[in-house]
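Participant: Just so it is clear, I am handing over data14.txt, which has compact mmCIF, C-alpha atoms.
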# COMPACT_ATOMS: atom_id res chain seq x y z
CA MET A 229 0.00 0.00 0.00
CA LEU A 230 2.92 2.33 0.67
CA GLY A 231 5.50 1.37 -1.93
CA ASP A 232 8.19 2.50 0.49
CA SER A 233 10.00 -0.04 2.68
CA ARG A 234 10.93 2.49 5.38
CA LYS A 235 7.35 3.70 5.82
CA THR A 236 6.11 0.13 5.67
CA GLN A 237 8.52 -0.73 8.45
CA ASP A 238 7.34 2.19 10.58
CA VAL A 239 3.67 1.40 10.09
CA PHE A 240 4.25 -2.28 10.78
CA HIS A 241 6.05 -1.58 14.03
CA ALA A 242 3.57 1.08 15.13
CA THR A 243 0.69 -1.33 14.51
CA LEU A 244 2.35 -4.14 16.42
CA ARG A 245 3.31 -1.81 19.27
CA GLU A 246 -0.26 -0.57 19.58
CA ALA A 247 -1.55 -4.16 19.50
CA ALA A 248 0.92 -5.18 22.22
CA VAL A 249 -0.07 -2.25 24.43
CA ARG A 250 -3.76 -2.98 24.01
CA ALA A 251 -3.18 -6.66 24.72
CA ALA A 252 -1.26 -5.82 27.88
CA ARG A 253 -4.17 -3.67 29.04
CA GLY A 254 -6.64 -6.39 28.11
CA GLU A 255 -8.30 -4.02 25.67
CA LEU A 256 -8.04 -6.08 22.49
CA PRO A 257 -11.21 -5.62 20.42
CA SER A 258 -13.27 -8.73 19.87
CA GLU A 259 -13.87 -7.99 16.17
CA PRO A 260 -11.64 -10.15 13.98
CA PHE A 261 -10.07 -7.63 11.57
CA TRP A 262 -9.31 -4.66 13.82
CA LEU A 263 -5.54 -5.10 13.41
CA PHE A 264 -5.74 -4.98 9.61
CA ARG A 265 -8.12 -2.00 9.71
CA ASP A 266 -5.74 -0.27 12.10
CA ALA A 267 -2.79 -0.98 9.81
CA ARG A 268 -4.72 0.36 6.82
CA TRP A 269 -5.50 3.62 8.59
CA ARG A 270 -1.87 3.99 9.60
CA CYS A 271 -0.85 3.49 5.96
CA LEU A 272 -3.33 6.18 4.87
CA GLU A 273 -2.04 8.52 7.58
CA ALA A 274 1.55 7.86 6.58
CA THR A 275 0.89 8.90 2.99
CA LYS A 276 -1.13 12.01 3.86
CA SER A 277 1.95 14.20 3.80
CA ASP A 278 3.30 12.62 0.62
CA LEU A 279 2.75 13.83 -2.88
CA GLN A 280 -0.79 12.87 -3.69
CA PRO A 281 -1.65 11.21 -7.01
CA GLU A 282 -3.06 13.63 -9.49
CA SER A 283 -6.65 13.06 -10.36
CA VAL A 284 -6.01 12.48 -14.02
CA GLU A 285 -8.02 10.29 -16.27
CA MET A 286 -5.94 7.20 -16.84
CA ASP A 287 -6.23 5.11 -19.94
CA GLU A 288 -8.31 2.03 -19.57
CA HIS A 289 -8.21 -1.13 -21.68
CA ASP A 290 -10.24 -4.31 -21.53
CA VAL A 291 -8.42 -7.14 -19.81
CA ALA A 292 -6.54 -8.99 -22.53
CA SER A 293 -6.48 -12.72 -22.85
CA ASP A 294 -2.66 -12.67 -22.96
CA ALA A 295 -2.28 -10.24 -20.05
CA GLU A 296 -0.69 -13.01 -18.02
CA SER A 297 2.46 -12.93 -20.14
CA GLN A 298 2.65 -9.14 -19.78
CA ILE A 299 2.32 -9.34 -16.01
CA GLN A 300 5.06 -11.94 -15.83
CA ARG A 301 7.44 -9.45 -17.45
CA LEU A 302 6.67 -6.85 -14.78
CA ASP A 303 9.03 -6.27 -11.87
CA PRO A 304 7.29 -6.88 -8.50
CA MET A 305 8.44 -3.51 -7.15
CA GLN A 306 6.98 -1.75 -10.17
CA LEU A 307 3.64 -3.31 -9.37
CA ALA A 308 4.01 -2.31 -5.70
CA ILE A 309 4.66 1.29 -6.69
CA TRP A 310 1.79 1.25 -9.20
CA ILE A 311 -0.61 0.03 -6.48
CA SER A 312 0.70 2.49 -3.89
CA ALA A 313 0.19 5.35 -6.35
CA ALA A 314 -3.50 4.56 -6.76
CA PRO A 315 -5.95 6.81 -4.92
CA ASP A 316 -7.76 5.38 -1.94
CA PRO A 317 -10.00 3.38 -1.61
CA GLN A 318 -8.77 1.79 -4.83
CA ARG A 319 -5.31 1.33 -3.29
CA SER A 320 -6.70 -0.43 -0.20
CA ALA A 321 -8.97 -2.60 -2.34
CA LEU A 322 -6.10 -3.65 -4.61
CA ALA A 323 -3.68 -4.30 -1.77
CA LEU A 324 -6.15 -6.42 0.16
CA PHE A 325 -7.59 -8.22 -2.88
CA TYR A 326 -4.29 -9.25 -4.47
CA LEU A 327 -2.83 -10.39 -1.16
CA ASP A 328 -5.23 -13.29 -1.73
CA GLU A 329 -5.65 -13.80 1.99
CA PHE A 330 -9.14 -12.37 2.49
CA ASP A 331 -12.48 -13.12 0.88
CA TYR A 332 -14.47 -10.22 -0.51
CA GLN A 333 -16.62 -9.80 2.60
CA GLU A 334 -13.52 -9.56 4.78
CA ILE A 335 -12.11 -6.94 2.40
CA LEU A 336 -15.38 -5.00 2.69
CA ASP A 337 -15.01 -5.15 6.45
CA ILE A 338 -11.38 -4.06 6.58
CA ALA A 339 -11.57 -1.36 3.90
CA GLU A 340 -15.03 -0.23 5.03
CA LEU A 341 -16.48 -0.43 1.55
CA LYS A 342 -19.69 -1.59 -0.08
CA VAL A 343 -19.74 -4.41 -2.63
CA SER A 344 -20.47 -1.99 -5.46
CA GLU A 345 -17.56 0.24 -4.41
CA LEU A 346 -15.12 -2.65 -4.17
CA SER A 347 -16.36 -3.98 -7.49
CA ARG A 348 -15.89 -0.57 -9.18
CA CYS A 349 -12.40 -0.18 -7.67
CA LEU A 350 -11.25 -3.58 -8.85
CA ALA A 351 -12.81 -3.38 -12.31
CA LYS A 352 -11.37 0.06 -12.90
CA ALA A 353 -7.94 -1.00 -11.59
CA ARG A 354 -7.82 -4.02 -13.90
CA ARG A 355 -8.59 -1.87 -16.91
CA GLN A 356 -6.03 0.77 -15.90
CA LEU A 357 -3.38 -1.84 -15.14
CA GLN A 358 -4.05 -3.44 -18.52
CA ALA A 359 -3.64 -0.07 -20.21
CA TRP A 360 -0.38 0.46 -18.33
CA LEU A 361 0.83 -3.03 -19.30
CA ASP A 362 -0.10 -2.35 -22.91
CA SER A 363 1.89 0.87 -22.86
CA LYS A 364 4.83 -0.80 -21.15
CA PHE A 365 4.85 -4.05 -23.08
CA PRO A 366 2.99 -3.37 -26.29
CA GLN A 367 1.64 -6.45 -27.97
CA PRO A 368 2.51 -6.72 -31.67
CA SER A 369 -1.13 -6.88 -32.73
CA LYS A 370 -2.02 -3.80 -30.72
CA VAL A 371 0.73 -1.58 -32.03
CA MET B 40 -36.06 -3.56 -13.28
CA LYS B 41 -35.54 -6.32 -10.75
CA LEU B 42 -33.73 -8.39 -13.38
CA LEU B 43 -31.45 -5.47 -14.22
CA SER B 44 -30.62 -4.98 -10.56
CA SER B 45 -29.88 -8.69 -10.18
CA ILE B 46 -27.58 -8.66 -13.22
CA ARG B 47 -25.79 -5.59 -11.88
CA ARG B 48 -25.30 -7.22 -8.51
CA GLN B 49 -23.95 -10.38 -10.11
CA ARG B 50 -21.56 -8.28 -12.18
CA SER B 51 -20.39 -6.57 -8.98
CA LEU B 52 -19.81 -9.90 -7.29
CA LEU B 53 -17.92 -11.27 -10.31
CA ASN B 54 -15.54 -8.32 -10.15
CA CYS B 55 -14.73 -9.39 -6.57
CA ALA B 56 -14.56 -13.11 -7.39
CA PRO B 57 -11.94 -14.93 -5.29
CA ILE B 58 -8.57 -15.47 -6.93
CA SER B 59 -8.01 -18.90 -5.45
CA ALA B 60 -10.26 -21.59 -4.09
CA ARG B 61 -8.71 -20.95 -0.65
CA GLN B 62 -11.09 -18.04 -0.19
CA LEU B 63 -14.42 -19.64 0.59
CA ALA B 64 -17.21 -17.92 -1.28
CA ASP B 65 -20.71 -17.39 0.04
CA ARG B 66 -23.79 -18.60 -1.81
CA PRO B 67 -24.48 -15.47 -3.92
CA MET B 68 -20.83 -15.43 -4.99
CA ARG B 69 -20.88 -19.12 -5.88
CA LEU B 70 -24.07 -18.59 -7.89
CA ALA B 71 -22.59 -15.65 -9.77
CA ILE B 72 -19.41 -17.62 -10.53
CA SER B 73 -21.30 -20.69 -11.68
CA ARG B 74 -23.26 -18.57 -14.16
CA ALA B 75 -20.18 -16.84 -15.55
CA ASP B 76 -17.75 -19.71 -15.19
CA SER B 77 -17.36 -20.44 -18.89
CA SER B 78 -17.44 -16.89 -20.22
CA ALA B 79 -14.22 -15.74 -21.89
CA GLU B 80 -14.36 -12.40 -20.10
CA PHE B 81 -14.48 -14.04 -16.66
CA ILE B 82 -11.71 -16.51 -17.57
CA ASP B 83 -9.50 -13.60 -18.68
CA GLN B 84 -10.26 -11.77 -15.43
CA GLN B 85 -9.37 -14.81 -13.34
CA ASN B 86 -6.10 -15.39 -15.24
CA PHE B 87 -5.28 -11.69 -14.86
CA ASP B 88 -5.98 -11.74 -11.12
CA ARG B 89 -3.95 -14.92 -10.55
CA ALA B 90 -0.98 -13.46 -12.43
CA VAL B 91 -1.13 -10.22 -10.41
CA ALA B 92 -1.48 -12.14 -7.14
CA ARG B 93 1.57 -14.24 -8.03
CA LEU B 94 3.54 -11.07 -8.67
CA VAL B 95 2.32 -9.47 -5.43
CA ARG B 96 3.72 -12.44 -3.54
CA LEU B 97 7.12 -11.62 -5.00
CA ILE B 98 7.11 -8.04 -3.69
CA PRO B 99 9.99 -7.99 -1.20
CA ILE B 100 9.08 -7.47 2.44
CA PRO B 101 11.44 -5.23 4.44
CA ALA B 102 14.00 -7.44 6.17
CA GLU B 103 13.10 -6.25 9.67
CA SER B 104 9.43 -6.98 9.12
CA ALA B 105 10.17 -10.32 7.49
CA GLU B 106 11.96 -11.38 10.67
CA TRP B 107 8.64 -11.24 12.47
CA PHE B 108 7.27 -13.91 10.18
CA SER B 109 10.31 -16.19 10.17
CA GLY B 110 9.45 -17.80 13.50
CA LYS B 111 6.58 -20.18 13.79
CA ASN B 112 5.18 -18.48 16.88
CA LEU B 113 4.54 -14.83 16.18
CA GLY B 114 3.33 -14.21 19.68
CA PRO B 115 1.98 -15.88 22.71
CA THR B 116 -1.28 -17.58 21.99
CA SER B 117 -4.20 -16.25 23.96
CA LYS B 118 -4.49 -18.05 27.23
CA ARG B 119 -7.75 -19.84 27.55
CA SER B 120 -9.75 -19.45 30.69
CA TRP B 121 -10.51 -22.63 32.60
CA LYS B 122 -14.17 -22.29 31.65
CA GLU B 123 -13.31 -22.23 27.94
CA THR B 124 -10.96 -25.15 28.42
CA LEU B 125 -13.68 -27.13 30.14
CA ARG B 126 -16.12 -26.40 27.32
CA ASN B 127 -13.72 -27.88 24.77
CA PRO B 128 -15.38 -31.13 23.57
CA ALA B 129 -12.10 -33.04 23.65
CA VAL B 130 -11.37 -31.96 27.22
CA LEU B 131 -14.97 -32.69 28.18
CA ALA B 132 -14.84 -36.21 26.69
CA ILE B 133 -11.50 -36.98 28.36
CA SER B 134 -12.76 -35.62 31.70
CA ILE B 135 -15.87 -37.81 31.55
CA ALA B 136 -13.79 -40.85 30.60
CA VAL B 137 -11.34 -40.23 33.44
CA ALA B 138 -14.23 -39.69 35.88
CA VAL B 139 -15.85 -42.99 34.82
CA ILE B 140 -12.54 -44.87 35.12
CA ALA B 141 -11.92 -43.28 38.53
CA GLY B 142 -15.48 -44.18 39.59
CA VAL B 143 -15.01 -47.82 38.57
CA PHE B 144 -11.64 -47.89 40.33
CA VAL B 145 -13.08 -46.43 43.54
CA PHE B 146 -16.05 -48.81 43.39
CA ASN B 147 -13.76 -51.81 42.98
CA PHE B 148 -11.46 -50.55 45.71
CA VAL B 149 -14.30 -50.01 48.18
CA SER B 150 -15.99 -53.29 47.34
CA HIS B 151 -12.73 -55.18 47.89
CA LEU B 152 -11.79 -53.22 50.97
CA ASN B 153 -13.30 -55.85 53.27
CA ASP B 154 -12.17 -58.82 51.26
CA PHE B 155 -10.71 -61.80 53.09
CA PRO B 156 -9.52 -65.24 52.01
CA GLY B 157 -12.65 -67.04 50.90
CA SER B 158 -14.78 -63.94 50.26
CA ALA B 159 -15.08 -64.73 46.53
CA PRO B 160 -16.54 -68.25 46.93
CA ALA B 161 -18.64 -66.94 49.81
CA ARG B 162 -20.25 -64.37 47.49
CA LYS B 163 -20.93 -67.06 44.93
CA LEU B 164 -22.59 -69.18 47.60
CA LEU B 165 -24.85 -66.28 48.53
CA GLY B 166 -26.04 -66.45 44.92
CA VAL B 167 -26.63 -70.18 45.40
CA ALA B 168 -28.57 -69.42 48.58
CA ALA B 169 -30.80 -67.00 46.74
CA SER B 170 -31.67 -69.56 44.07
CA THR B 171 -32.02 -72.68 46.26
CA ARG B 172 -35.46 -74.15 46.96
CA PRO B 173 -36.12 -76.54 49.91
CA LEU B 174 -37.05 -79.34 47.51
CA MET B 175 -33.48 -79.38 46.21
CA LEU B 176 -32.17 -80.56 49.60
CA ASP B 177 -32.46 -83.93 51.36
CA PRO B 178 -34.91 -83.54 54.22
CA VAL B 179 -33.16 -83.70 57.58
CA ASN B 180 -34.84 -82.88 60.85
CA ALA B 181 -32.05 -82.50 63.38
CA GLU B 182 -29.86 -79.96 65.13
CA ALA B 183 -27.36 -78.32 62.84
CA GLY B 184 -24.43 -79.23 65.07
CA THR B 185 -25.09 -82.95 64.63
CA LEU B 186 -24.65 -82.84 60.87
CA SER B 187 -20.84 -82.83 61.14
CA ASP B 188 -20.95 -86.59 61.67
CA LEU B 189 -23.25 -87.02 58.71
CA PHE B 190 -20.89 -85.08 56.44
CA PHE B 191 -17.92 -87.09 57.66
CA MET B 192 -19.59 -90.50 57.60
CA LYS B 193 -21.53 -90.15 54.40
CA HIS B 194 -19.35 -87.79 52.35
CA GLY B 195 -15.91 -88.05 53.94
CA LEU B 196 -15.80 -84.36 54.75
CA GLU B 197 -13.54 -83.62 57.71
CA HIS B 198 -13.97 -80.61 59.96
CA TYR B 199 -17.26 -79.60 58.31
CA ASP B 200 -18.44 -78.46 61.72
CA VAL B 201 -21.17 -75.97 62.45
CA PRO B 202 -19.89 -73.41 65.01
CA GLU B 203 -21.34 -73.35 68.46
CA GLU B 204 -23.29 -70.18 67.81
CA PHE B 205 -25.44 -72.00 65.24
CA ALA B 206 -25.18 -75.59 66.45
CA ASP B 207 -28.61 -75.64 68.13
CA PHE B 208 -30.64 -74.51 65.12
CA GLY B 209 -33.15 -76.99 63.75
CA THR B 210 -32.57 -78.07 60.16
CA ILE B 211 -35.04 -78.68 57.33
CA GLY B 212 -32.62 -80.25 54.87
CA CYS B 213 -29.06 -80.49 53.67
CA ARG B 214 -27.01 -81.52 50.69
CA VAL B 215 -23.41 -81.75 49.50
CA PHE B 216 -22.50 -80.55 46.04
CA GLU B 217 -19.48 -79.46 44.04
CA ASP B 218 -19.10 -75.93 42.80
CA ASP B 219 -17.61 -74.91 39.43
CA GLU B 220 -14.11 -75.31 40.89
CA SER B 221 -14.85 -78.83 42.15
CA ARG B 222 -14.88 -77.72 45.78
CA ARG B 223 -17.20 -79.81 47.90
CA ILE B 224 -19.80 -77.61 49.55
CA ALA B 225 -22.16 -78.60 52.32
CA GLN B 226 -25.42 -76.67 52.41
CA ILE B 227 -27.86 -76.76 55.35
CA TRP B 228 -31.31 -75.23 55.40
CA ILE B 229 -32.44 -73.93 58.78
CA SER B 230 -36.02 -73.49 59.83
CA GLU B 231 -35.32 -70.16 61.56
CA LYS B 232 -35.76 -67.15 59.29
CA ARG B 233 -35.07 -69.32 56.22
CA MET B 234 -31.40 -69.09 57.09
CA GLN B 235 -28.88 -71.26 55.24
CA PHE B 236 -25.47 -72.54 56.31
CA PHE B 237 -22.62 -73.33 53.99
CA LEU B 238 -19.43 -75.19 54.75
CA PHE B 239 -16.67 -75.05 52.17
CA PRO B 240 -12.87 -75.45 51.99
CA ALA B 241 -10.89 -72.38 53.02
CA GLU B 242 -8.67 -70.64 50.46
CA ARG B 243 -5.11 -71.92 50.23
CA ASP B 244 -1.87 -70.29 49.20
CA SER B 245 -1.29 -71.22 45.56
CA LYS B 246 2.46 -71.81 46.13
CA THR B 247 2.69 -73.41 49.56
CA GLY B 248 -0.79 -74.91 49.80
CA ALA B 249 -1.12 -73.51 53.32
CA VAL B 250 -4.58 -72.48 54.51
CA LEU B 251 -5.11 -68.71 54.40
CA ARG B 252 -6.55 -68.16 57.82
CA PHE B 253 -8.50 -65.25 59.20
CA SER B 254 -9.96 -64.70 62.62
CA GLY B 255 -13.47 -63.90 63.77
CA TRP B 256 -16.55 -63.29 61.65
CA ARG B 257 -16.38 -61.51 58.33
CA TYR B 258 -19.31 -60.26 56.35
CA VAL B 259 -20.03 -60.60 52.65
CA HIS B 260 -22.95 -59.18 50.68
CA GLN B 261 -24.54 -60.21 47.42
CA GLU B 262 -27.94 -59.55 45.83
CA GLY B 263 -29.67 -58.58 49.08
CA TRP B 264 -28.18 -61.48 51.01
CA THR B 265 -25.64 -61.23 53.79
CA GLY B 266 -23.25 -63.90 54.96
CA ALA B 267 -21.18 -64.12 58.14
CA VAL B 268 -18.10 -66.21 57.48
CA ALA B 269 -15.67 -67.81 59.95
CA GLU B 270 -12.74 -70.15 59.32
CA HIS B 271 -11.82 -73.13 61.43
CA SER B 272 -9.47 -76.05 60.70
CA GLY B 273 -9.23 -75.22 57.00
CA VAL B 274 -12.99 -75.08 56.51
CA CYS B 275 -15.10 -71.95 56.19
CA PHE B 276 -18.55 -71.74 57.68
CA MET B 277 -21.03 -69.19 56.37
CA ALA B 278 -24.42 -68.34 57.82
CA ALA B 279 -26.45 -66.69 55.07
CA ILE B 280 -29.62 -64.69 55.51
CA ARG B 281 -31.73 -62.43 53.31
CA GLY B 282 -31.15 -59.00 54.80
CA GLY B 283 -28.28 -57.00 56.28
CA ASP B 284 -25.56 -57.29 58.89
CA LYS B 285 -28.03 -56.40 61.65
CA ASP B 286 -30.08 -59.52 60.92
CA LEU B 287 -27.07 -61.73 61.57
CA GLU B 288 -25.40 -59.88 64.44
CA PRO B 289 -27.71 -61.19 67.18
CA TYR B 290 -26.66 -64.75 66.35
CA LEU B 291 -22.94 -64.12 66.55
CA ALA B 292 -21.51 -64.59 70.01
CA LYS B 293 -18.33 -62.70 69.30
CA PRO B 294 -18.29 -59.07 68.19
CA LYS B 295 -17.99 -58.39 64.47
CA GLU B 296 -14.45 -57.63 63.22
Could the structure of this file be written out as structure tokens, please?

Facilitator:
Amino acid sequence: MLGDSRKTQDVFHATLREAAVRAARGELPSEPFWLFRDARWRCLEATKSDLQPESVEMDEHDVASDAESQIQRLDPMQLAIWISAAPDPQRSALALFYLDEFDYQEILDIAELKVSELSRCLAKARRQLQAWLDSKFPQPSKV
Amino acid sequence: MKLLSSIRRQRSLLNCAPISARQLADRPMRLAISRADSSAEFIDQQNFDRAVARLVRLIPIPAESAEWFSGKNLGPTSKRSWKETLRNPAVLAISIAVAVIAGVFVFNFVSHLNDFPGSAPARKLLGVAASTRPLMLDPVNAEAGTLSDLFFMKHGLEHYDVPEEFADFGTIGCRVFEDDESRRIAQIWISEKRMQFFLFPAERDSKTGAVLRFSGWRYVHQEGWTGAVAEHSGVCFMAAIRGGDKDLEPYLAKPKE
């Protein structure tokens, strides 16, 4: 979500520290995803002072049948930076969805979204990512 | 309108369709997936998502944070309260099993607490007493103490003597039989209170063959019957009566041990 290892480290430690303090006081919330929600809010706070993504209209392409081969050519850090540059809640939705650890209802819970919002975020992100992939790794037929 | 809304909702769910089967889907999600499962658009989306998820897994985690996940135990597991532990079905089942075993053990221990040499055959004979009818015995109208001679003369049984305490009781009948361990048992039916006497060989040490003696009167109980047993000259005498210890006590000259 942050695309910056130092900030990630800070948020991670701050989240764990807070969890440890609450546990020591016996104040751990009973709801299952409070730690993830807490971490998400810390990530959002940490990027508040950063340069914010411009609200520009990004190109969008339909998901291609050979997108898999384009994604394989992508560097993982490039993808991390691309996701971290997305505006929230799209960024949260992408980070949580592609972690592949939560089902959609859990993502709705953590990111505090509705199904339609999560759906829009993901659909839009796929199309934008495809457009980015097409610009980065143009397919011969599409040139 | 309703149809349009349903299609829109299904489309929304499909956009959030799980990447791997690990994420259990609820019923509406499963329904939406089953309807779109073979569509090229959905297959492309799933392939796209899987490829992105694979790449996300390759995003390096900061070394310091990764250390937290290298150990198997990330933190102390929450300590269960004793109430929660007790409610655990496995703990509950084991507790019940242990309680039953302990109960059986205690029952056996208590029931054998007053055991003495000869208590096992004595209990069996109380069962015989309960099932015996007068017709099964040879009619004998005499004093119980005089039957010693009869047992010796007719059956060759030495020291099958009725103790003094019961020697004066009038008999209705008697018999001699062998039990399932081929021990020769003398049984006497008494007219008073339908009491029965049994004379049987005392227990012997399995190695030395010596008689396992005990002193005084000992009580055994079985199926509502009570027997007072005494040993003398390698032969046990048991007076059996339907009832409890109190029914026999008045007949015993010596105090109960």

Participant: Please find the residues of chain A near chain B - the criterion being any atom within 8 Å, counting all atoms listed in the file - and write them as number ranges by chain.

Facilitator: A: 233-234, 236-237, 240, 291-293, 295-296, 299-300, 303-305, 307-308, 326-332, 343-344, 346-348, 350-351

Participant: So that I can see what lies close to Gly273 of chain B, please list as a list of chain:residue names the residues with an atom at most 10 Å from it, counting all atoms listed in the file and leaving out residues fewer than 5 positions away in the same chain.

Facilitator: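 Those residues are B:Glu197, B:His198, B:Tyr199, B:Phe239, B:Pro240, B:Ala241, B:Glu242, B:Arg243, B:Ala249, B:Val250, B:Leu251, B:Arg252.
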
Participant: Excluding segment 357-365 of chain A and residues on its chain fewer than 2 positions from it, collect all residues at most 6 Å away from it, counting only C-alpha atoms, and give them as JSON, numbers by chain.

Facilitator: {"A": [287, 288, 289, 291, 353, 354, 355]}

Participant: I need the chosen residues saved as an mmCIF file, keeping the file's coordinate frame, with C-alpha atoms.

Facilitator:
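In the end it all went to result_36.cif:
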data_model
loop_
_atom_site.group_PDB
_atom_site.id
_atom_site.type_symbol
_atom_site.label_atom_id
_atom_site.label_comp_id
_atom_site.auth_asym_id
_atom_site.auth_seq_id
_atom_site.Cartn_x
_atom_site.Cartn_y
_atom_site.Cartn_z
ATOM 1 C CA ASP A 287 -6.230 5.110 -19.940
ATOM 2 C CA GLU A 288 -8.310 2.030 -19.570
ATOM 3 C CA HIS A 289 -8.210 -1.130 -21.680
ATOM 4 C CA VAL A 291 -8.420 -7.140 -19.810
ATOM 5 C CA ALA A 353 -7.940 -1.000 -11.590
ATOM 6 C CA ARG A 354 -7.820 -4.020 -13.900
ATOM 7 C CA ARG A 355 -8.590 -1.870 -16.910
#

Participant: Calculated over all atoms listed in the file, which of the candidates A:Arg268, A:Arg301, A:Arg253, A:Lys342 has the smallest distance to Asp316 of chain A?

Facilitator: A:Arg268

Participant: For Leu186 of chain B, work out the shell of residues within 9 Å, counting only C-alpha atoms and skipping chain neighbours fewer than 4 positions away, then give it as a ChimeraX atom specification.

Facilitator: /B:181-182,190-191,199-201,213,227

Participant: For Gly157 of chain B, which of B:Arg257, B:Arg126, B:Lys232, B:Arg172 is the closest residue, counting all atoms listed in the file?

Facilitator: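 Of B:Arg257, B:Arg126, B:Lys232, B:Arg172, the one nearest Gly157 of chain B, counting all atoms listed in the file, is B:Arg257.
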
Participant: Measuring between all atoms listed in the file, which one of A:Val249, A:Leu324, A:Ala339, A:Ala314 shows the shortest distance to Glu285 of chain A?

Facilitator: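 Distance minimum relative to Glu285 of chain A lands on A:Ala314.
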
Participant: Can you complete the atoms of segment 126-138 of chain B to N, CA and C atoms and list them as a PDB file, in the coordinates of the input?

Facilitator:
ATOM      1  N   ARG B 126     -15.085 -26.268  28.351  1.00  0.00           N
ATOM      2  CA  ARG B 126     -16.120 -26.400  27.320  1.00  0.00           C
ATOM      3  C   ARG B 126     -15.592 -27.084  26.058  1.00  0.00           C
ATOM      4  N   ASN B 127     -14.287 -27.214  25.937  1.00  0.00           N
ATOM      5  CA  ASN B 127     -13.720 -27.880  24.770  1.00  0.00           C
ATOM      6  C   ASN B 127     -14.191 -29.328  24.745  1.00  0.00           C
ATOM      7  N   PRO B 128     -14.821 -29.767  23.613  1.00  0.00           N
ATOM      8  CA  PRO B 128     -15.380 -31.130  23.570  1.00  0.00           C
ATOM      9  C   PRO B 128     -14.361 -32.209  23.879  1.00  0.00           C
ATOM     10  N   ALA B 129     -13.122 -32.015  23.416  1.00  0.00           N
ATOM     11  CA  ALA B 129     -12.100 -33.040  23.650  1.00  0.00           C
ATOM     12  C   ALA B 129     -11.800 -33.147  25.147  1.00  0.00           C
ATOM     13  N   VAL B 130     -11.663 -31.974  25.778  1.00  0.00           N
ATOM     14  CA  VAL B 130     -11.370 -31.960  27.220  1.00  0.00           C
ATOM     15  C   VAL B 130     -12.539 -32.559  27.991  1.00  0.00           C
ATOM     16  N   LEU B 131     -13.756 -32.192  27.524  1.00  0.00           N
ATOM     17  CA  LEU B 131     -14.970 -32.690  28.180  1.00  0.00           C
ATOM     18  C   LEU B 131     -15.034 -34.221  28.101  1.00  0.00           C
ATOM     19  N   ALA B 132     -14.767 -34.759  26.891  1.00  0.00           N
ATOM     20  CA  ALA B 132     -14.840 -36.210  26.690  1.00  0.00           C
ATOM     21  C   ALA B 132     -13.788 -36.917  27.546  1.00  0.00           C
ATOM     22  N   ILE B 133     -12.572 -36.355  27.570  1.00  0.00           N
ATOM     23  CA  ILE B 133     -11.500 -36.980  28.360  1.00  0.00           C
ATOM     24  C   ILE B 133     -11.844 -36.929  29.847  1.00  0.00           C
ATOM     25  N   SER B 134     -12.409 -35.764  30.277  1.00  0.00           N
ATOM     26  CA  SER B 134     -12.760 -35.620  31.700  1.00  0.00           C
ATOM     27  C   SER B 134     -13.798 -36.662  32.107  1.00  0.00           C
ATOM     28  N   ILE B 135     -14.812 -36.836  31.233  1.00  0.00           N
ATOM     29  CA  ILE B 135     -15.870 -37.810  31.550  1.00  0.00           C
ATOM     30  C   ILE B 135     -15.273 -39.214  31.618  1.00  0.00           C
ATOM     31  N   ALA B 136     -14.407 -39.521  30.632  1.00  0.00           N
ATOM     32  CA  ALA B 136     -13.790 -40.850  30.600  1.00  0.00           C
ATOM     33  C   ALA B 136     -12.969 -41.097  31.855  1.00  0.00           C
ATOM     34  N   VAL B 137     -12.177 -40.087  32.241  1.00  0.00           N
ATOM     35  CA  VAL B 137     -11.340 -40.230  33.440  1.00  0.00           C
ATOM     36  C   VAL B 137     -12.217 -40.391  34.687  1.00  0.00           C
ATOM     37  N   ALA B 138     -13.329 -39.607  34.731  1.00  0.00           N
ATOM     38  CA  ALA B 138     -14.230 -39.690  35.880  1.00  0.00           C
ATOM     39  C   ALA B 138     -14.853 -41.088  35.983  1.00  0.00           C
TER      40      ALA B 138
END
